[in-house]
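J.: This structure is in structure tokens; I'll ask about it shortly.
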Amino acid sequence: MAMAVETLQLGVDVAKAELVLCQGWDEQLVTLVNERRAIRSYLKHLSGPTALAVEATNRFHLALVEEAQALGHTVYVVDGYRLNAYRKSIGGRAKTDASDARLLLRYLRHEQTSLRPWSPPPAGYNRLIRLLRRRASLIQAKVALTQSLQELPELKAAVRSLLRQFARLDLLIQTRLRQALAEHGWAADAQRCQAIEGIGPLTAAGLVTVFRRGAFHSSDAFIAFLGLDVRVRDSGQFTGRRKLTKQGDPELRRLLHNAAMAACRCATWQPFYQRYRNRGLSTTQCLVILARKLARIAFALLKNQSTYQPNSTPMP
């Protein structure tokens with residue numbers, strides 16, 4: 001009878017320059033340069049199956065998770081917000097690279113059965129997400145500079161020239177987005193989303209990109225990935241304030257918020273929006289509800305590969 005092979009567990013704290021790994025059998029700490037060659041060499045010398053809990057970063061964790069997944073190891077990516085909450089829940093006080101690596105190992109030991117393994121995104125995902133984020137940075141810089149320089153009339157001509165450059169760069173990014181959608185075969189899906197009132201090309205590109213990221217079993221999972229789901233905190237007779245989890249990409253939520261602002265003024269969605277306003281909800285709350293509704297419809301269109309029917313009356 002074959003003996004079961006024990007899975008090695010690793011907790012990995014990630015920084016731009018280096019990785020700190022805590023090995024599960026003896027909790028020995030190992031420091032690696034955050035470069036693919038060093039990572040690949042370390043992973044290849046691991047004996048048997050391995051599960052890694054890796055701290056999520058902007059991009060610094062990608063080399064590790066990609067190399068580990070390619071070698072057949074199981075990878076769990078843990079975001080910093082969740083890790084910080086877990087540290088507080090166990091009374092942790094220290095926050096160093098070593099303590100975070102140990103914390104990730106402990107989290108993996110106790111929560112592995114409820115975690116979802118990381119899987120690599122499709123080829124177009126990273127490209128489109130980068131373009132959407134770079135455009136967001138461009139718009140933020142444009143607004144900041146415009147507000148900063150508007151009280152200097154002697155610079156008015158230079159500001160106009162600068163804004164024209166911003167506009168040209170914005171158009172270039174949007175052109176690249178359309179090209180990327182077409183090259184990856186997602187242009188038809190973007191057109192499906194754009195048929196929904198209020199959703200423009202950028203929001204459609206974002207929705208399609210997120211949809212293609214993973215196999216969402218329901219619209220609830222899709223909404224949760226966008227960070228538009230609600231965090232509930234009730235206890236006994238106490239009803240806590242409802243807040244968005246905001247776990248997803250903030251740029252996608254911003255685009256959906258803008259889409260809701262446009263949709264609430266059209267004939268199809270204005271009654272839907274007004275019903276919630278009449279119930280006493282704030283403008284922001286109503287726009288969030290409408291943004292969530294638009295995202296659910298987009299999910300249904302993409303999942304069923306169906307066509308939007310704009311004449312149907314939306315229900316609350």
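As shown in the structure tokens, the chain order sets the letters A, B, ...; within each chain, residues go from 1, and ligands are also counted from 1 in the order they appear.
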Fewer than 4 positions away in the same chain doesn't count, so skip those; otherwise give me all residues within 10 Å of Leu21 of chain A, counting only C-alpha atoms, as a list in words.
T.: Leu10, Gly11, Val12, Asp13, Val14, Glu27, Gln28, Leu29, Val30, Thr31, Leu32, Leu52, Ala53, Val54, Asp97, Ala98, Asp100, Ala101, Arg102, Leu104 and Leu105 of chain A
J.: Any idea what's packed within 12 Å of Glu197 of chain A, counting only C-alpha atoms, ignoring anything in its chain fewer than 5 positions away? Could you give it as a ChimeraX atom specification?
T.: /A:191-192,203-204,256,258-270,290-291,293-295,297-298,308-312,314
J.: Within segment 48-256 of chain A, find each residue whose DSSP state, derived from the backbone, is helix (DSSP H, G or I), and express the selection as a short mmCIF file (atom, residue, chain, number, x, y, z; two decimals) with N, CA and C atoms, in the first residue's frame.
T.:
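Generated output (part.cif):
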```cif
data_model
loop_
_atom_site.label_atom_id
_atom_site.label_comp_id
_atom_site.auth_asym_id
_atom_site.auth_seq_id
_atom_site.Cartn_x
_atom_site.Cartn_y
_atom_site.Cartn_z
N LEU A 62 3.94 38.07 -8.68
CA LEU A 62 3.56 37.30 -9.86
C LEU A 62 4.62 36.30 -10.29
N ALA A 63 5.90 36.68 -10.22
CA ALA A 63 6.95 35.74 -10.63
C ALA A 63 6.88 34.46 -9.80
N LEU A 64 6.69 34.61 -8.49
CA LEU A 64 6.61 33.44 -7.61
C LEU A 64 5.40 32.58 -7.92
N VAL A 65 4.21 33.18 -8.00
CA VAL A 65 3.01 32.37 -8.18
C VAL A 65 2.99 31.71 -9.55
N GLU A 66 3.52 32.39 -10.56
CA GLU A 66 3.54 31.80 -11.90
C GLU A 66 4.51 30.63 -11.97
N GLU A 67 5.69 30.78 -11.38
CA GLU A 67 6.67 29.70 -11.39
C GLU A 67 6.16 28.51 -10.57
N ALA A 68 5.57 28.77 -9.40
CA ALA A 68 5.07 27.69 -8.55
C ALA A 68 3.93 26.95 -9.22
N GLN A 69 3.01 27.67 -9.83
CA GLN A 69 1.87 27.03 -10.49
C GLN A 69 2.34 26.21 -11.69
N ALA A 70 3.33 26.71 -12.43
CA ALA A 70 3.85 25.98 -13.59
C ALA A 70 4.51 24.67 -13.18
N GLY A 80 -3.64 41.76 1.46
CA GLY A 80 -3.13 42.37 2.69
C GLY A 80 -4.21 42.71 3.69
N TYR A 81 -5.38 43.11 3.22
CA TYR A 81 -6.48 43.46 4.13
C TYR A 81 -6.88 42.25 4.96
N ARG A 82 -7.02 41.11 4.29
CA ARG A 82 -7.42 39.90 5.01
C ARG A 82 -6.32 39.45 5.97
N LEU A 83 -5.07 39.57 5.53
CA LEU A 83 -3.96 39.16 6.39
C LEU A 83 -3.89 40.04 7.63
N ASN A 84 -4.11 41.34 7.46
CA ASN A 84 -4.07 42.25 8.60
C ASN A 84 -5.20 41.93 9.59
N ALA A 85 -6.39 41.62 9.06
CA ALA A 85 -7.51 41.27 9.93
C ALA A 85 -7.21 39.97 10.69
N TYR A 86 -6.56 39.02 10.02
CA TYR A 86 -6.21 37.77 10.68
C TYR A 86 -5.17 38.01 11.78
N ARG A 87 -4.22 38.89 11.53
CA ARG A 87 -3.21 39.22 12.55
C ARG A 87 -3.88 39.78 13.80
N LYS A 88 -4.82 40.69 13.61
CA LYS A 88 -5.51 41.29 14.75
C LYS A 88 -6.35 40.25 15.49
N SER A 89 -6.95 39.30 14.74
CA SER A 89 -7.83 38.32 15.37
C SER A 89 -7.09 37.38 16.30
N ASP A 97 8.76 41.29 7.95
CA ASP A 97 8.73 40.31 6.86
C ASP A 97 8.67 38.89 7.42
N ALA A 98 9.46 38.63 8.44
CA ALA A 98 9.49 37.28 9.03
C ALA A 98 8.17 36.94 9.71
N SER A 99 7.62 37.90 10.47
CA SER A 99 6.36 37.62 11.17
C SER A 99 5.21 37.44 10.19
N ASP A 100 5.24 38.18 9.08
CA ASP A 100 4.19 38.01 8.07
C ASP A 100 4.30 36.66 7.38
N ALA A 101 5.52 36.19 7.14
CA ALA A 101 5.70 34.86 6.54
C ALA A 101 5.15 33.79 7.48
N ARG A 102 5.44 33.91 8.77
CA ARG A 102 4.91 32.94 9.75
C ARG A 102 3.38 33.04 9.84
N LEU A 103 2.87 34.26 9.77
CA LEU A 103 1.43 34.46 9.83
C LEU A 103 0.73 33.82 8.62
N LEU A 104 1.32 33.96 7.45
CA LEU A 104 0.75 33.35 6.25
C LEU A 104 0.77 31.83 6.35
N LEU A 105 1.83 31.28 6.92
CA LEU A 105 1.89 29.83 7.12
C LEU A 105 0.79 29.39 8.08
N ARG A 106 0.61 30.11 9.17
CA ARG A 106 -0.44 29.76 10.13
C ARG A 106 -1.82 29.87 9.48
N TYR A 107 -2.02 30.90 8.70
CA TYR A 107 -3.30 31.09 8.02
C TYR A 107 -3.58 29.92 7.07
N LEU A 108 -2.56 29.49 6.35
CA LEU A 108 -2.71 28.37 5.43
C LEU A 108 -3.03 27.08 6.18
N ARG A 109 -2.37 26.84 7.29
CA ARG A 109 -2.61 25.62 8.07
C ARG A 109 -4.06 25.52 8.54
N HIS A 110 -4.64 26.65 8.94
CA HIS A 110 -5.97 26.63 9.54
C HIS A 110 -7.10 26.88 8.53
N GLU A 111 -6.80 27.53 7.42
CA GLU A 111 -7.87 27.95 6.51
C GLU A 111 -7.78 27.37 5.10
N GLN A 112 -6.87 26.44 4.88
CA GLN A 112 -6.64 25.97 3.51
C GLN A 112 -7.90 25.41 2.85
N THR A 113 -8.72 24.71 3.62
CA THR A 113 -9.90 24.08 3.03
C THR A 113 -10.92 25.10 2.52
N SER A 114 -10.86 26.32 3.03
CA SER A 114 -11.81 27.34 2.58
C SER A 114 -11.22 28.30 1.56
N ALA A 123 -4.57 35.18 -21.43
CA ALA A 123 -3.50 36.02 -21.98
C ALA A 123 -3.88 37.49 -22.04
N GLY A 124 -5.11 37.79 -22.35
CA GLY A 124 -5.50 39.19 -22.52
C GLY A 124 -5.78 39.94 -21.24
N TYR A 125 -5.92 39.23 -20.14
CA TYR A 125 -6.36 39.87 -18.90
C TYR A 125 -5.35 40.93 -18.42
N ASN A 126 -4.10 40.52 -18.25
CA ASN A 126 -3.10 41.45 -17.73
C ASN A 126 -2.91 42.65 -18.65
N ARG A 127 -2.96 42.40 -19.94
CA ARG A 127 -2.78 43.50 -20.90
C ARG A 127 -3.89 44.54 -20.76
N LEU A 128 -5.13 44.08 -20.72
CA LEU A 128 -6.26 45.01 -20.63
C LEU A 128 -6.31 45.70 -19.29
N ILE A 129 -6.04 44.97 -18.21
CA ILE A 129 -6.04 45.58 -16.89
C ILE A 129 -4.97 46.67 -16.79
N ARG A 130 -3.80 46.41 -17.35
CA ARG A 130 -2.74 47.42 -17.32
C ARG A 130 -3.16 48.68 -18.07
N LEU A 131 -3.78 48.51 -19.23
CA LEU A 131 -4.23 49.67 -20.02
C LEU A 131 -5.29 50.46 -19.26
N LEU A 132 -6.24 49.77 -18.64
CA LEU A 132 -7.28 50.47 -17.89
C LEU A 132 -6.69 51.22 -16.69
N ARG A 133 -5.73 50.62 -16.02
CA ARG A 133 -5.12 51.29 -14.87
C ARG A 133 -4.25 52.46 -15.29
N ARG A 134 -3.54 52.32 -16.42
CA ARG A 134 -2.72 53.43 -16.90
C ARG A 134 -3.60 54.60 -17.32
N ARG A 135 -4.74 54.30 -17.91
CA ARG A 135 -5.64 55.40 -18.27
C ARG A 135 -6.18 56.08 -17.01
N ALA A 136 -6.49 55.30 -15.98
CA ALA A 136 -6.95 55.89 -14.72
C ALA A 136 -5.89 56.83 -14.15
N SER A 137 -4.62 56.41 -14.19
CA SER A 137 -3.53 57.27 -13.71
C SER A 137 -3.43 58.54 -14.55
N LEU A 138 -3.62 58.39 -15.86
CA LEU A 138 -3.58 59.55 -16.76
C LEU A 138 -4.66 60.56 -16.40
N ILE A 139 -5.88 60.08 -16.19
CA ILE A 139 -6.99 60.98 -15.87
C ILE A 139 -6.78 61.65 -14.52
N GLN A 140 -6.27 60.90 -13.54
CA GLN A 140 -6.00 61.49 -12.23
C GLN A 140 -4.96 62.60 -12.34
N ALA A 141 -3.91 62.35 -13.11
CA ALA A 141 -2.87 63.38 -13.30
C ALA A 141 -3.43 64.60 -14.02
N LYS A 142 -4.28 64.36 -15.01
CA LYS A 142 -4.89 65.47 -15.76
C LYS A 142 -5.73 66.34 -14.85
N VAL A 143 -6.57 65.73 -14.03
CA VAL A 143 -7.44 66.49 -13.13
C VAL A 143 -6.60 67.26 -12.10
N ALA A 144 -5.59 66.60 -11.54
CA ALA A 144 -4.75 67.25 -10.53
C ALA A 144 -4.02 68.46 -11.11
N LEU A 145 -3.46 68.32 -12.31
CA LEU A 145 -2.74 69.43 -12.92
C LEU A 145 -3.68 70.56 -13.32
N THR A 146 -4.84 70.21 -13.83
CA THR A 146 -5.81 71.23 -14.22
C THR A 146 -6.24 72.06 -13.02
N GLN A 147 -6.54 71.40 -11.92
CA GLN A 147 -6.95 72.11 -10.72
C GLN A 147 -5.81 72.93 -10.13
N SER A 148 -4.61 72.41 -10.23
CA SER A 148 -3.45 73.10 -9.65
C SER A 148 -3.08 74.36 -10.43
N LEU A 149 -3.26 74.31 -11.76
CA LEU A 149 -2.77 75.40 -12.62
C LEU A 149 -3.85 76.37 -13.06
N PRO A 153 -3.24 82.42 -14.70
CA PRO A 153 -3.62 82.80 -16.08
C PRO A 153 -2.44 82.92 -17.03
N GLU A 154 -1.26 83.24 -16.50
CA GLU A 154 -0.09 83.38 -17.37
C GLU A 154 0.35 82.05 -17.98
N LEU A 155 -0.17 80.95 -17.43
CA LEU A 155 0.16 79.62 -17.96
C LEU A 155 -0.99 79.01 -18.78
N LYS A 156 -2.01 79.81 -19.09
CA LYS A 156 -3.20 79.28 -19.73
C LYS A 156 -2.88 78.61 -21.06
N ALA A 157 -2.04 79.23 -21.88
CA ALA A 157 -1.71 78.66 -23.19
C ALA A 157 -0.96 77.34 -23.03
N ALA A 158 -0.02 77.30 -22.09
CA ALA A 158 0.75 76.08 -21.86
C ALA A 158 -0.16 74.97 -21.33
N VAL A 159 -1.13 75.32 -20.48
CA VAL A 159 -2.05 74.32 -19.96
C VAL A 159 -2.92 73.75 -21.07
N ARG A 160 -3.39 74.60 -21.97
CA ARG A 160 -4.19 74.11 -23.10
C ARG A 160 -3.40 73.13 -23.95
N SER A 161 -2.13 73.45 -24.19
CA SER A 161 -1.28 72.55 -24.96
C SER A 161 -1.08 71.22 -24.24
N LEU A 162 -0.88 71.30 -22.93
CA LEU A 162 -0.70 70.09 -22.13
C LEU A 162 -1.96 69.22 -22.16
N LEU A 163 -3.13 69.86 -22.05
CA LEU A 163 -4.38 69.11 -22.07
C LEU A 163 -4.61 68.43 -23.42
N ARG A 164 -4.16 69.07 -24.49
CA ARG A 164 -4.27 68.42 -25.81
C ARG A 164 -3.40 67.17 -25.86
N GLN A 165 -2.23 67.23 -25.23
CA GLN A 165 -1.37 66.06 -25.17
C GLN A 165 -2.02 64.94 -24.34
N PHE A 166 -2.65 65.32 -23.25
CA PHE A 166 -3.38 64.34 -22.45
C PHE A 166 -4.48 63.68 -23.28
N ALA A 167 -5.21 64.49 -24.04
CA ALA A 167 -6.30 63.95 -24.85
C ALA A 167 -5.79 62.98 -25.89
N ARG A 168 -4.66 63.32 -26.52
CA ARG A 168 -4.08 62.42 -27.53
C ARG A 168 -3.65 61.10 -26.91
N LEU A 169 -3.03 61.17 -25.73
CA LEU A 169 -2.60 59.96 -25.06
C LEU A 169 -3.80 59.11 -24.63
N ASP A 170 -4.85 59.77 -24.18
CA ASP A 170 -6.08 59.06 -23.80
C ASP A 170 -6.65 58.31 -25.01
N LEU A 171 -6.71 58.98 -26.15
CA LEU A 171 -7.22 58.32 -27.36
C LEU A 171 -6.35 57.15 -27.77
N LEU A 172 -5.04 57.29 -27.59
CA LEU A 172 -4.12 56.21 -27.94
C LEU A 172 -4.37 54.99 -27.05
N ILE A 173 -4.55 55.22 -25.75
CA ILE A 173 -4.82 54.10 -24.84
C ILE A 173 -6.13 53.42 -25.20
N GLN A 174 -7.17 54.22 -25.51
CA GLN A 174 -8.45 53.62 -25.88
C GLN A 174 -8.35 52.84 -27.18
N THR A 175 -7.51 53.31 -28.11
CA THR A 175 -7.28 52.55 -29.34
C THR A 175 -6.62 51.22 -29.04
N ARG A 176 -5.64 51.23 -28.14
CA ARG A 176 -4.97 49.99 -27.74
C ARG A 176 -5.95 49.03 -27.06
N LEU A 177 -6.87 49.57 -26.29
CA LEU A 177 -7.89 48.72 -25.66
C LEU A 177 -8.75 48.03 -26.70
N ARG A 178 -9.19 48.76 -27.69
CA ARG A 178 -10.01 48.16 -28.76
C ARG A 178 -9.23 47.10 -29.52
N GLN A 179 -7.96 47.39 -29.77
CA GLN A 179 -7.12 46.41 -30.48
C GLN A 179 -6.95 45.15 -29.64
N ALA A 180 -6.72 45.32 -28.34
CA ALA A 180 -6.54 44.16 -27.47
C ALA A 180 -7.80 43.31 -27.40
N LEU A 181 -8.95 43.94 -27.32
CA LEU A 181 -10.22 43.20 -27.30
C LEU A 181 -10.39 42.40 -28.59
N ALA A 182 -10.06 43.03 -29.70
CA ALA A 182 -10.21 42.34 -30.99
C ALA A 182 -9.22 41.19 -31.12
N GLU A 183 -7.97 41.42 -30.71
CA GLU A 183 -6.94 40.38 -30.85
C GLU A 183 -7.24 39.15 -30.01
N ALA A 187 -14.11 41.31 -28.58
CA ALA A 187 -14.79 42.52 -29.05
C ALA A 187 -16.30 42.35 -29.07
N ALA A 188 -16.79 41.17 -29.47
CA ALA A 188 -18.24 40.94 -29.51
C ALA A 188 -18.84 41.01 -28.12
N ASP A 189 -18.12 40.49 -27.12
CA ASP A 189 -18.61 40.57 -25.75
C ASP A 189 -18.68 42.01 -25.27
N ALA A 190 -17.69 42.82 -25.66
CA ALA A 190 -17.71 44.24 -25.28
C ALA A 190 -18.92 44.94 -25.90
N GLN A 191 -19.25 44.58 -27.14
CA GLN A 191 -20.43 45.17 -27.79
C GLN A 191 -21.71 44.78 -27.07
N ARG A 192 -21.76 43.55 -26.57
CA ARG A 192 -22.94 43.12 -25.78
C ARG A 192 -23.13 44.03 -24.57
N CYS A 193 -22.04 44.29 -23.87
CA CYS A 193 -22.14 45.12 -22.67
C CYS A 193 -22.48 46.56 -23.02
N GLN A 194 -21.95 47.07 -24.13
CA GLN A 194 -22.20 48.45 -24.50
C GLN A 194 -23.66 48.70 -24.88
N PRO A 201 -17.56 52.26 -23.83
CA PRO A 201 -16.48 51.35 -24.24
C PRO A 201 -15.52 50.97 -23.12
N LEU A 202 -15.16 51.91 -22.25
CA LEU A 202 -14.20 51.61 -21.19
C LEU A 202 -14.80 50.67 -20.14
N THR A 203 -16.03 50.97 -19.73
CA THR A 203 -16.69 50.10 -18.74
C THR A 203 -16.91 48.71 -19.33
N ALA A 204 -17.30 48.66 -20.60
CA ALA A 204 -17.51 47.36 -21.26
C ALA A 204 -16.22 46.56 -21.30
N ALA A 205 -15.10 47.23 -21.62
CA ALA A 205 -13.81 46.54 -21.64
C ALA A 205 -13.46 46.00 -20.26
N GLY A 206 -13.74 46.79 -19.22
CA GLY A 206 -13.45 46.33 -17.86
C GLY A 206 -14.30 45.14 -17.46
N LEU A 207 -15.59 45.17 -17.79
CA LEU A 207 -16.49 44.06 -17.44
C LEU A 207 -16.09 42.78 -18.15
N VAL A 208 -15.76 42.88 -19.42
CA VAL A 208 -15.35 41.69 -20.18
C VAL A 208 -14.05 41.13 -19.63
N THR A 209 -13.13 42.01 -19.29
CA THR A 209 -11.84 41.56 -18.76
C THR A 209 -12.02 40.80 -17.45
N VAL A 210 -12.84 41.33 -16.55
CA VAL A 210 -13.10 40.65 -15.28
C VAL A 210 -13.82 39.33 -15.52
N PHE A 211 -14.80 39.32 -16.40
CA PHE A 211 -15.54 38.09 -16.68
C PHE A 211 -14.61 36.99 -17.18
N ARG A 212 -13.65 37.36 -18.00
CA ARG A 212 -12.72 36.38 -18.55
C ARG A 212 -11.65 35.95 -17.56
N ARG A 213 -11.57 36.63 -16.41
CA ARG A 213 -10.53 36.29 -15.43
C ARG A 213 -10.76 34.93 -14.80
N SER A 219 -23.74 35.35 -10.53
CA SER A 219 -23.54 36.79 -10.58
C SER A 219 -23.08 37.32 -9.22
N ASP A 220 -23.45 36.64 -8.13
CA ASP A 220 -22.98 37.06 -6.80
C ASP A 220 -21.46 37.00 -6.72
N ALA A 221 -20.87 35.93 -7.26
CA ALA A 221 -19.41 35.81 -7.25
C ALA A 221 -18.77 36.90 -8.11
N PHE A 222 -19.41 37.22 -9.22
CA PHE A 222 -18.93 38.28 -10.11
C PHE A 222 -18.95 39.63 -9.38
N ILE A 223 -20.06 39.91 -8.70
CA ILE A 223 -20.20 41.16 -7.95
C ILE A 223 -19.16 41.23 -6.84
N ALA A 224 -18.93 40.10 -6.16
CA ALA A 224 -17.94 40.07 -5.08
C ALA A 224 -16.55 40.35 -5.61
N PHE A 225 -16.22 39.81 -6.78
CA PHE A 225 -14.90 40.04 -7.37
C PHE A 225 -14.72 41.52 -7.70
N LEU A 226 -15.81 42.20 -8.08
CA LEU A 226 -15.74 43.63 -8.37
C LEU A 226 -15.68 44.47 -7.09
N PRO A 250 -10.32 49.09 -7.85
CA PRO A 250 -11.05 50.35 -7.68
C PRO A 250 -11.40 51.04 -8.99
N GLU A 251 -10.58 50.85 -10.02
CA GLU A 251 -10.87 51.48 -11.30
C GLU A 251 -12.14 50.92 -11.92
N LEU A 252 -12.36 49.61 -11.79
CA LEU A 252 -13.57 49.01 -12.34
C LEU A 252 -14.81 49.51 -11.60
N ARG A 253 -14.70 49.70 -10.29
CA ARG A 253 -15.83 50.27 -9.54
C ARG A 253 -16.08 51.70 -9.95
N ARG A 254 -15.03 52.45 -10.20
CA ARG A 254 -15.21 53.84 -10.63
C ARG A 254 -15.92 53.89 -11.98
N LEU A 255 -15.52 53.03 -12.90
CA LEU A 255 -16.16 53.00 -14.21
C LEU A 255 -17.63 52.63 -14.10
N LEU A 256 -17.95 51.65 -13.25
CA LEU A 256 -19.34 51.26 -13.07
C LEU A 256 -20.14 52.38 -12.39
#
```
J.: Compare A:Gly48, A:Gly248, A:Gly280, A:Gly200 by their minimum atom-to-atom distance to Leu71 of chain A, counting only C-alpha atoms, and give me the closest one.
T.: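 Among the listed residues, the smallest separation from Leu71 of chain A belongs to A:Gly48.
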